[in-house]
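First the structure, in the form of structure tokens, and then the observations on it.
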2 protein chains.
Amino acid sequence: MHAVEFIERKRDGGEHSSAELQEWINAYVADEVPDYQMAAWLMAVYFQGMTPRETAELTLAMAHSGEVLDLAELGKTVDKHSSGGVGDKTTLVVAPILAAAGLVVAKMSGRGLAHTGGTIDKLESIPGWRAELSDEEFLRQAREVGLVIAGQSKNLAPADGKMYALRDVTGTVPSIPLIASSIMSKKLAAGARIITLDVKVGKGAFMKDLEQARELARLMVSIGRHAGRDVRAVLSQMDQPLGRAVGNAIEVREAIATLRGEGPADLSELSLALAEEALAAARIETARAREAWESGAALAKLRAFIEAQGGDGRVVENPELLELSAETSELRAPESGVVTDLDAYRVGVAALRLGGGRERKGEAIDHGVGVYLLKKIGEAVRQGEVLARIYHRGGRGLEEARRLLAEAYRFGGEAAVPPLILDVVA
Amino acid sequence: MHAVEFIERKRDGGEHSSAELQEWINAYVADEVPDYQMAAWLMAVYFQGMTPRETAELTLAMAHSGEVLDLAELGKTVDKHSSGGVGDKTTLVVAPILAAAGLVVAKMSGRGLAHTGGTIDKLESIPGWRAELSDEEFLRQAREVGLVIAGQSKNLAPADGKMYALRDVTGTVPSIPLIASSIMSKKLAAGARIITLDVKVGKGAFMKDLEQARELARLMVSIGRHAGRDVRAVLSQMDQPLGRAVGNAIEVREAIATLRGEGPADLSELSLALAEEALAAARIETARAREAWESGAALAKLRAFIEAQGGDGRVVENPELLELSAETSELRAPESGVVTDLDAYRVGVAALRLGGGRERKGEAIDHGVGVYLLKKIGEAVRQGEVLARIYHRGGRGLEEARRLLAEAYRFGGEAAVPPLILDVVA
């Protein structure tokens, strides 16, 4: 491996071959290429970019840097990924719908970091539910229930973990090809044939700009095609939080309500769109999504899934079993008007400060705290009316959460509700 | 030090403050900023560049990362630096002229690497001459002789050493601001008030392109001004070697011949130009250069300098005391014509392969091997006539040197001799 020549080629705007990229990634994982050479190359990629072919080859090399799961025996497997948002509990709605509609959802999921939550954290608010499964348990549950979500215990795409940690400290995170290869390497290693991506755009999302998000979505779809997977991406608005609940137990409650047909319109709309894309990719009638939902089959599937992983399935009938802190504080409108803005990022940080998220990997979180948004963009409010209810634990982070929420809300005479689904890339 | 923010600022085309650059360099030298963050920043600088002000501040921070010599007591001190070429023995001609004309040449010099030679290596071909001087010896000789050249034993600009080693392995060498700050940080730390730069341009030089070399020269002059030094740069052609001798002892012989007025025209012309620029910077009549030379005062100064550092001063009268290998091989013209090209890089590598240079730092070299070019660009040659004489030791590297020299020569019907001095920047 001529590391310097490799770096210079990208620096000078050249294109890497597949063999070269494989060698580079393997050498990095084996500590034969030091961090400083990888850092220089990542910065060169930041400036020079990569072609879609290069990005796909890089992603494959990263995916194959560790174990690659083989789910072929399970049939039509599907994975769903969100690029991270605030109040984003769609997996808890979409996965049961897809399992009830005949697909096999066999998914590894992560924990939350900073202002965005993680599906595993949310599920752990269910009494008894556990994320750690043996390989055997994982496959058996996929076969028998059609829905399994496990914590990322496997050594999937270790190159990505190592590269992401380096990007984080070298100013090389915001590069579309590097973001695409990071996300897709883990998805390819996780083995599902169908991958449905929810690319969030807006204040509370990693991608702030629609055009860039579209480019990212197209790139991820093309990487999937290159790897023989069927990938579809929905671009969805994340200027304000999705739904009204932000936290852990409180989001599971909202997901269950949504599967009962009693959830917020935006969460319902987006969940259905994502489910239909996955079904279309699997060549299954998209109408099956709504059927599975309205018939109660999806809710039953959620219960079976929870129980298979040791959780108390009664939460599906009795959401009060999901503990919420009894200590609450209400934020009231400082003026009358219409909500014109509700900054998702600030709401996410508010939930984080309350103890519902973690600043650093490995920190414990409090599943019972969070925020419930009684008013969202486009809704009228009178001065003194409650905007949001804050569930806190002994006042921890309450003052800062109140300040952040007060800053998150803006009022005016009228407001255009931003469209939720911005584009679909398939 | 917010290292990531600092990297991002440069990545996004921003400008660093003086305080920020100082903090960055100090933190790097103290190992508080790791190599991977410096590497990412260097690559960002490669793409975004630096303003002249930023470059000057960076250079000062690097110069002050270690010891800074104070030569104020010595009066009008001058340093001369070449960006590195093949057959470049000008220091051995210019330094005695300047000392004889009334300046104090108190200079640290390096050893050669790869295809370019180093002044210290050349001087070490003089029996008894030694490069290692104590601080006291260095200053006393500067005062008494007006000319001292010591090996770089001091911890001058350690940030540069550390950064250069990193640039070398991360593809970040060819950046004009980084090259300028690397050269000038060492010169500023070495303390001379007047700095005369010989910026080589062409096949055998680091800079291949005149416009880039001019930009580098201007930047170095402006850095010097920022630091209160008087810097002037001569841009000189390095497509073919300078003079006819390439090696160590053989180059000292040629330098002595030149001081006697019997040297090659190109070496004489460039040496005079560099000496005159240094005198002009010191507000001394430039005519003093020619006087010092023609009167023999410069040659006498060379002898005094050699003897002060323990060398055999008789070499000045009797150059045969500079040992050349008795084993020679002649390269003959394959055709009749005019020499149209004589690739300095290949000639330099030929001398290296013969053992006259080093591939890696610390390697021993053979002072008695080298190449003497009987024919240079523009000179007519008949088939079978001797082009070059190769001084080798037991055939080491001879075959490759012959091949390289054969490739270095090109013949044709006529040739334009390239101008030697391309520009002067002051």
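Identifiers in this document derive from the order of the structure tokens: chains are assigned A, B, ..., residues are numbered from 1 separately in each chain, and ligands are numbered from 1 in order of occurrence.
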
Picked from stretch 26-135 of chain B by DSSP as strand (DSSP E or B), as a PyMOL selection string: chain B and resi 67+77-82+104-109+113+116

For the residues in the current selection, export N, CA, C and O atoms as a PDB file, in the first residue's frame.
```pdb
ATOM      1  N   GLU B  67      14.545  27.167  20.272  1.00  0.00           N
ATOM      2  CA  GLU B  67      15.536  28.209  20.521  1.00  0.00           C
ATOM      3  C   GLU B  67      15.584  29.189  19.337  1.00  0.00           C
ATOM      4  O   GLU B  67      15.464  28.781  18.181  1.00  0.00           O
ATOM      5  N   THR B  77      24.713  40.548   9.981  1.00  0.00           N
ATOM      6  CA  THR B  77      24.782  39.110   9.727  1.00  0.00           C
ATOM      7  C   THR B  77      23.948  38.747   8.511  1.00  0.00           C
ATOM      8  O   THR B  77      22.906  39.331   8.244  1.00  0.00           O
ATOM      9  N   VAL B  78      24.426  37.763   7.777  1.00  0.00           N
ATOM     10  CA  VAL B  78      23.717  37.328   6.574  1.00  0.00           C
ATOM     11  C   VAL B  78      23.649  35.809   6.531  1.00  0.00           C
ATOM     12  O   VAL B  78      24.569  35.117   6.972  1.00  0.00           O
ATOM     13  N   ASP B  79      22.528  35.318   6.026  1.00  0.00           N
ATOM     14  CA  ASP B  79      22.342  33.884   5.823  1.00  0.00           C
ATOM     15  C   ASP B  79      21.958  33.711   4.368  1.00  0.00           C
ATOM     16  O   ASP B  79      21.348  34.592   3.763  1.00  0.00           O
ATOM     17  N   LYS B  80      22.368  32.605   3.803  1.00  0.00           N
ATOM     18  CA  LYS B  80      22.030  32.337   2.402  1.00  0.00           C
ATOM     19  C   LYS B  80      21.410  30.959   2.335  1.00  0.00           C
ATOM     20  O   LYS B  80      21.904  30.018   2.966  1.00  0.00           O
ATOM     21  N   HIS B  81      20.308  30.851   1.626  1.00  0.00           N
ATOM     22  CA  HIS B  81      19.609  29.568   1.555  1.00  0.00           C
ATOM     23  C   HIS B  81      19.268  29.232   0.109  1.00  0.00           C
ATOM     24  O   HIS B  81      18.825  30.091  -0.652  1.00  0.00           O
ATOM     25  N   SER B  82      19.458  27.965  -0.246  1.00  0.00           N
ATOM     26  CA  SER B  82      19.032  27.495  -1.566  1.00  0.00           C
ATOM     27  C   SER B  82      17.911  26.499  -1.373  1.00  0.00           C
ATOM     28  O   SER B  82      17.943  25.692  -0.436  1.00  0.00           O
ATOM     29  N   VAL B 104      28.937  39.537   8.005  1.00  0.00           N
ATOM     30  CA  VAL B 104      29.230  38.370   8.846  1.00  0.00           C
ATOM     31  C   VAL B 104      28.299  37.236   8.418  1.00  0.00           C
ATOM     32  O   VAL B 104      27.080  37.344   8.540  1.00  0.00           O
ATOM     33  N   VAL B 105      28.917  36.188   7.876  1.00  0.00           N
ATOM     34  CA  VAL B 105      28.128  35.018   7.476  1.00  0.00           C
ATOM     35  C   VAL B 105      28.190  34.020   8.629  1.00  0.00           C
ATOM     36  O   VAL B 105      29.216  33.393   8.855  1.00  0.00           O
ATOM     37  N   ALA B 106      27.083  33.915   9.361  1.00  0.00           N
ATOM     38  CA  ALA B 106      27.026  32.998  10.509  1.00  0.00           C
ATOM     39  C   ALA B 106      25.841  32.095  10.231  1.00  0.00           C
ATOM     40  O   ALA B 106      24.689  32.491  10.378  1.00  0.00           O
ATOM     41  N   LYS B 107      26.134  30.878   9.822  1.00  0.00           N
ATOM     42  CA  LYS B 107      25.117  30.085   9.148  1.00  0.00           C
ATOM     43  C   LYS B 107      25.076  28.658   9.674  1.00  0.00           C
ATOM     44  O   LYS B 107      26.110  28.040   9.909  1.00  0.00           O
ATOM     45  N   MET B 108      23.839  28.171   9.855  1.00  0.00           N
ATOM     46  CA  MET B 108      23.627  26.751  10.102  1.00  0.00           C
ATOM     47  C   MET B 108      23.279  26.137   8.750  1.00  0.00           C
ATOM     48  O   MET B 108      22.511  26.716   7.989  1.00  0.00           O
ATOM     49  N   SER B 109      23.794  24.966   8.489  1.00  0.00           N
ATOM     50  CA  SER B 109      23.493  24.365   7.200  1.00  0.00           C
ATOM     51  C   SER B 109      23.139  22.895   7.368  1.00  0.00           C
ATOM     52  O   SER B 109      23.513  22.264   8.348  1.00  0.00           O
ATOM     53  N   LEU B 113      19.823  15.331   1.036  1.00  0.00           N
ATOM     54  CA  LEU B 113      18.886  14.211   1.044  1.00  0.00           C
ATOM     55  C   LEU B 113      18.411  14.005  -0.392  1.00  0.00           C
ATOM     56  O   LEU B 113      18.239  14.957  -1.137  1.00  0.00           O
ATOM     57  N   THR B 116      19.504  15.944  -4.034  1.00  0.00           N
ATOM     58  CA  THR B 116      20.169  17.233  -3.832  1.00  0.00           C
ATOM     59  C   THR B 116      21.231  17.110  -2.739  1.00  0.00           C
ATOM     60  O   THR B 116      21.037  16.418  -1.747  1.00  0.00           O
TER      61      THR B 116
END
```

Please determine the contact residues of chain A with respect to chain B at a cut-off of 12 Å, counting only C-alpha atoms, and supply them as a ChimeraX atom specification. /A:2-13,33-48,163,165-175

Could you give me, as a list in words, the residues within 7 Å of A:Phe411, counting only C-alpha atoms and dropping anything in the same chain fewer than 6 positions from it?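 With the cut-off at 7 Å, the set is Gly337, Val338, Val339, Thr340 and Asp341 of chain A.
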
Counting only C-alpha atoms, what is within 7 Å of B:Ser329, bar same-chain residues fewer than 6 positions away, as JSON, numbers by chain? {"B": [389, 390, 391]}

9 Å contact set for A:Ala344, only C-alpha atoms, chain neighbours under 5 positions out, as a list in words: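 In the requested form, the answer reads Gly85, Val86, Gly87, Gly202, Lys203, Gly204, Ala205, Met238, Asp239, Gln240, Pro241, Leu242, Val349 and Ala408 of chain A.
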
Would you please give, as a PyMOL selection string, all residues of stretch 16-135 of chain B that DSSP assigns to helix (DSSP H, G or I) based on the backbone? chain B and resi 18-29+35-48+52-63+72-74+90-100+119-123+135

Got a sec: who's within 6 Å of stretch 266-282 of chain B, counting only C-alpha atoms, leaving out chain neighbours fewer than 4 positions off, as an MDAnalysis selection string? chainID B and resid 90 94 196 243 286

Among the residues A:Ala190, A:Val316, A:Leu178, A:Val199, the one that comes closest to A:Gly151 [using only C-alpha atoms]: A:Ala190

Test item: residues at most 7 Å from A:Val93, only C-alpha atoms, excluding those fewer than 4 positions along its chain, as a PyMOL selection string: chain A and resi 97+255+259+271

Could you check the closest approach to A:Leu92 for each of A:Ala257, A:His392, A:Gly161, A:Glu20 and tell me which residue wins, using only C-alpha atoms?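 For A:Leu92, the nearest of the candidates is A:Ala257.
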
What does the distance from atom CA of B:Ile421 to atom CA of B:Glu211 come to in Å, to one decimal?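 Answer for the atom CA of B:Ile421 to atom CA of B:Glu211 separation: 14.1 Å.
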
Counting only C-alpha atoms, the residue of B:Lys301, B:Arg288, B:Arg253, B:Lys375 that sits nearest B:Pro319: B:Arg253

For atom CA of B:Glu254 and atom CA of B:Leu404, quote the distance in Å rounded to one decimal.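 Going from atom CA of B:Glu254 over to atom CA of B:Leu404, I get 22.5 Å.
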
Would you work out the distance separating atom CA of A:Ala56 from atom CA of A:His115, expressed in Å to one decimal?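 Between atom CA of A:Ala56 and atom CA of A:His115 the gap works out to 29.4 Å.
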
Using only C-alpha atoms, which of the listed residues (B:Val246, B:Ala308, B:Leu331, B:Ile176) sits closest to B:Glu215?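 Using only C-alpha atoms, the shortest distance to B:Glu215 belongs to B:Ile176.
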